[in-house]
Amino acid sequence: MILVSPDCFSTSYSSMLFSRNPMLSSQLCFTIKRTIQSRRLCIASSLITSPDSFEVGRLIGSYGFMNITSYSAGGMDFEYSGGQLKIQDVGEGSVKIRLYEGRIAQGALRGTPVVLKVYPGQRAGGIEADKMAANELNAHALLQSSSQGKCQNLLMLVGGFETKTGEQWLAFRDGGKYSAADYAKVTSEKNSKSIAIKESSWNRFDQEQTIKRRRYFVIKLLQGAITGLAYMHDHDRLHQSLGPSSVVLNTIAEREAPYLVPRLRDLAFSVDIRISNLEDGLWSFSEGLWRRAIAAGASTPMEKQAFGIADDIYEAGLLLAYLAFVPFCEAGIVDTLSLQVSSNMTTSD
């Protein structure tokens, strides 16, 4: 049931993708027709595949999402999911994502390594899981269809399908098994180990070179992440979940920094900020963002668009702070949450 935004690839398709649940499909289709009315939704047919198109390998791992369910600002209380403000109630989300190694089994790209991202069916993840999968495919379909060409700093989606159990599988070209969070964790643990055993090189030049390599690696990582984010903003799309875990790396070896290509992933909460979309009020996963925008005084579509971009840039600033500290510190001294709390305290001052 993955949907693709208007103005896409073909005019001969209607709103639903590959849901095997006809009752759910008809309900979603009716909702879409009510809210969008005259707009035509069409399928990015090149991204619609079958399970037979891929060979699934070993499980890489799994992860979930945090739900921020309330905040208070300016004497106003709202209920929402997502965002950062002074006072937050944070809980664990119900959607658990699994990642598998794999490769393409058919066609011209046969043998190409992929990473398969699995959203649970409705029984396990509820309707939210289907919406997240749909939104992520929508975002990639839009960004990958740009006339400006594809951005190497965004993970490339090569296909998607639904299983008989209702799970939504998205296949991405393998851009690396590591994330910026993995790199920071490994590096900080090395720092701790070196201090614990009082390791000290007799060669000061070697120490200086290590720091220089690390600094170069971090700068190139940030440049790639910001380039990907800027590409999204140029195409009227917010990321809205930017962080160390959402930046994929093809290597975490600092000596291989010249070959490093950071790529953004996790676009399940991305937001379409085209003016027409903001005017129509077609908001998906962004109610909290626009409530915060209104609380900050943004009322027109252009003001909301600017607020959304600024909110993404705020998250990019937290990523910069994280990478400026964690890889150069001992393990456990600095983490994302402490940086965010410090940032909020600074903002409130």
# chains A, B, ... in the order shown; residues from 1 in each chain; ligands from 1
>>> residues_around(residues="Ser179 in chain A", least_positions_apart="3", cutoff="10 Å", atoms="only C-alpha atoms", output="JSON, numbers by chain")
{"A": [176, 182, 183, 184, 185, 243, 244, 245, 246, 247, 248, 249, 250, 251, 252, 262, 263, 264, 265]}
>>> residues_around(residues="Phe269 in chain A", least_positions_apart="5", cutoff="9 Å", atoms="only C-alpha atoms", output="JSON, numbers by chain")
{"A": [82, 132, 135, 136, 238, 239, 240, 241, 284, 285, 286]}
>>> closest_atom_pairs(of="range 150-247 of chain A", to="range 324-338 of chain A", cutoff="9 Å", atoms="only C-alpha atoms", output="Markdown table")
| residue | atom | partner | partner_atom | distance |
| --- | --- | --- | --- | --- |
| A:Tyr183 | CA | A:Pro327 | CA | 7.7 |
| A:Ala184 | CA | A:Pro327 | CA | 4.8 |
| A:Lys185 | CA | A:Ala331 | CA | 7.0 |
| A:Val186 | CA | A:Pro327 | CA | 8.2 |
| A:Thr187 | CA | A:Pro327 | CA | 5.3 |
| A:Ser188 | CA | A:Ala331 | CA | 4.7 |
| A:Glu189 | CA | A:Ala331 | CA | 5.2 |
| A:Lys190 | CA | A:Glu330 | CA | 8.0 |
| A:Asn191 | CA | A:Glu330 | CA | 5.4 |
| A:Ser192 | CA | A:Glu330 | CA | 4.8 |
| A:Lys193 | CA | A:Glu330 | CA | 8.5 |
| A:Ile195 | CA | A:Glu330 | CA | 8.3 |
| A:Ile211 | CA | A:Phe328 | CA | 8.5 |
| A:Arg214 | CA | A:Pro327 | CA | 8.0 |
| A:Arg215 | CA | A:Ala324 | CA | 8.7 |
| A:Val218 | CA | A:Ala324 | CA | 7.7 |
| A:Gly243 | CA | A:Thr336 | CA | 8.4 |
| A:Pro244 | CA | A:Thr336 | CA | 8.4 |
>>> write_last_selection(atoms="N, CA, C and O atoms", output="compact mmCIF listing (two decimals), in the first residue's frame")
# COMPACT_ATOMS: atom_id res chain seq x y z
N TYR A 183 30.56 4.63 13.96
CA TYR A 183 31.90 5.20 13.88
C TYR A 183 32.26 5.90 15.19
O TYR A 183 33.35 5.69 15.74
N ALA A 184 31.35 6.73 15.69
CA ALA A 184 31.63 7.47 16.92
C ALA A 184 31.81 6.51 18.10
O ALA A 184 32.69 6.71 18.95
N LYS A 185 31.00 5.46 18.17
CA LYS A 185 31.08 4.50 19.27
C LYS A 185 32.42 3.76 19.24
O LYS A 185 33.11 3.65 20.26
N VAL A 186 32.81 3.26 18.06
CA VAL A 186 34.06 2.52 17.94
C VAL A 186 35.25 3.42 18.27
O VAL A 186 36.17 3.01 18.99
N THR A 187 35.22 4.64 17.79
CA THR A 187 36.34 5.57 18.01
C THR A 187 36.46 5.96 19.47
O THR A 187 37.57 6.00 20.03
N SER A 188 35.34 6.27 20.12
CA SER A 188 35.39 6.64 21.53
C SER A 188 35.83 5.48 22.41
O SER A 188 36.53 5.67 23.41
N GLU A 189 35.45 4.25 22.04
CA GLU A 189 35.91 3.07 22.78
C GLU A 189 37.41 2.88 22.63
O GLU A 189 38.09 2.46 23.58
N LYS A 190 37.94 3.18 21.46
CA LYS A 190 39.39 3.13 21.27
C LYS A 190 40.08 4.15 22.17
O LYS A 190 41.13 3.87 22.76
N ASN A 191 39.49 5.33 22.27
CA ASN A 191 40.04 6.36 23.15
C ASN A 191 40.09 5.88 24.59
O ASN A 191 41.10 6.05 25.29
N SER A 192 38.99 5.28 25.04
CA SER A 192 38.92 4.78 26.42
C SER A 192 39.94 3.69 26.66
O SER A 192 40.60 3.65 27.72
N LYS A 193 40.07 2.78 25.70
CA LYS A 193 41.03 1.69 25.84
C LYS A 193 42.45 2.21 25.92
O LYS A 193 43.26 1.74 26.74
N ILE A 195 43.45 5.11 26.98
CA ILE A 195 43.66 5.76 28.27
C ILE A 195 43.77 4.74 29.39
O ILE A 195 44.59 4.87 30.31
N ILE A 211 45.10 12.48 14.95
CA ILE A 211 44.10 13.52 15.15
C ILE A 211 43.73 14.18 13.83
O ILE A 211 42.55 14.46 13.56
N ARG A 214 41.48 11.87 11.90
CA ARG A 214 40.14 11.84 12.51
C ARG A 214 39.37 13.11 12.16
O ARG A 214 38.18 13.07 11.84
N ARG A 215 40.05 14.23 12.25
CA ARG A 215 39.40 15.49 11.93
C ARG A 215 38.96 15.52 10.47
O ARG A 215 37.84 15.95 10.15
N VAL A 218 35.87 13.24 10.05
CA VAL A 218 34.65 13.84 10.59
C VAL A 218 34.15 14.96 9.69
O VAL A 218 32.94 15.08 9.42
N GLY A 243 20.13 12.25 12.44
CA GLY A 243 20.95 11.97 13.61
C GLY A 243 22.08 11.03 13.24
O GLY A 243 22.19 10.60 12.08
N PRO A 244 22.94 10.67 14.17
CA PRO A 244 24.08 9.81 13.86
C PRO A 244 23.70 8.46 13.25
O PRO A 244 24.41 7.94 12.40
>>> select_by_dssp(residues="range 111-221 of chain A", states="helix (DSSP H, G or I)", output="MDAnalysis selection string")
chainID A and resid 122:144 180:196 204:221
>>> atom_distance(atom1="CA of Thr210 in chain A", atom2="CA of Leu323 in chain A")
15.9 Å
>>> residues_around(residues="Phe172 in chain A", least_positions_apart="5", cutoff="7 Å", atoms="only C-alpha atoms", output="list of chain:residue names")
A:Val114, A:Val115, A:Leu116, A:Leu155, A:Met156, A:Leu157, A:Val158
>>> select_by_dssp(residues="range 203-319 of chain A", states="strand (DSSP E)", output="count of residues only")
9
>>> closest_atom_pairs(of="range 208-238 of chain A", to="range 302-309 of chain A", cutoff="12 Å", atoms="only C-alpha atoms", output="JSON lines")
{"residue": "A:Leu229", "atom": "CA", "partner": "A:Ile309", "partner_atom": "CA", "distance": 9.7}
{"residue": "A:Ala230", "atom": "CA", "partner": "A:Ile309", "partner_atom": "CA", "distance": 9.6}
{"residue": "A:Tyr231", "atom": "CA", "partner": "A:Ile309", "partner_atom": "CA", "distance": 11.9}
{"residue": "A:Met232", "atom": "CA", "partner": "A:Ile309", "partner_atom": "CA", "distance": 9.9}
{"residue": "A:His233", "atom": "CA", "partner": "A:Ile309", "partner_atom": "CA", "distance": 7.0}
{"residue": "A:Asp234", "atom": "CA", "partner": "A:Ile309", "partner_atom": "CA", "distance": 10.2}
{"residue": "A:His235", "atom": "CA", "partner": "A:Ile309", "partner_atom": "CA", "distance": 11.6}
{"residue": "A:Asp236", "atom": "CA", "partner": "A:Gln305", "partner_atom": "CA", "distance": 8.5}
{"residue": "A:Arg237", "atom": "CA", "partner": "A:Ile309", "partner_atom": "CA", "distance": 8.7}
{"residue": "A:Leu238", "atom": "CA", "partner": "A:Ile309", "partner_atom": "CA", "distance": 6.6}
>>> closest_residue(among="A:Glu167, A:Pro113, A:Glu55, A:Gln122", to="Arg98 in chain A", atoms="only C-alpha atoms")
A:Glu167
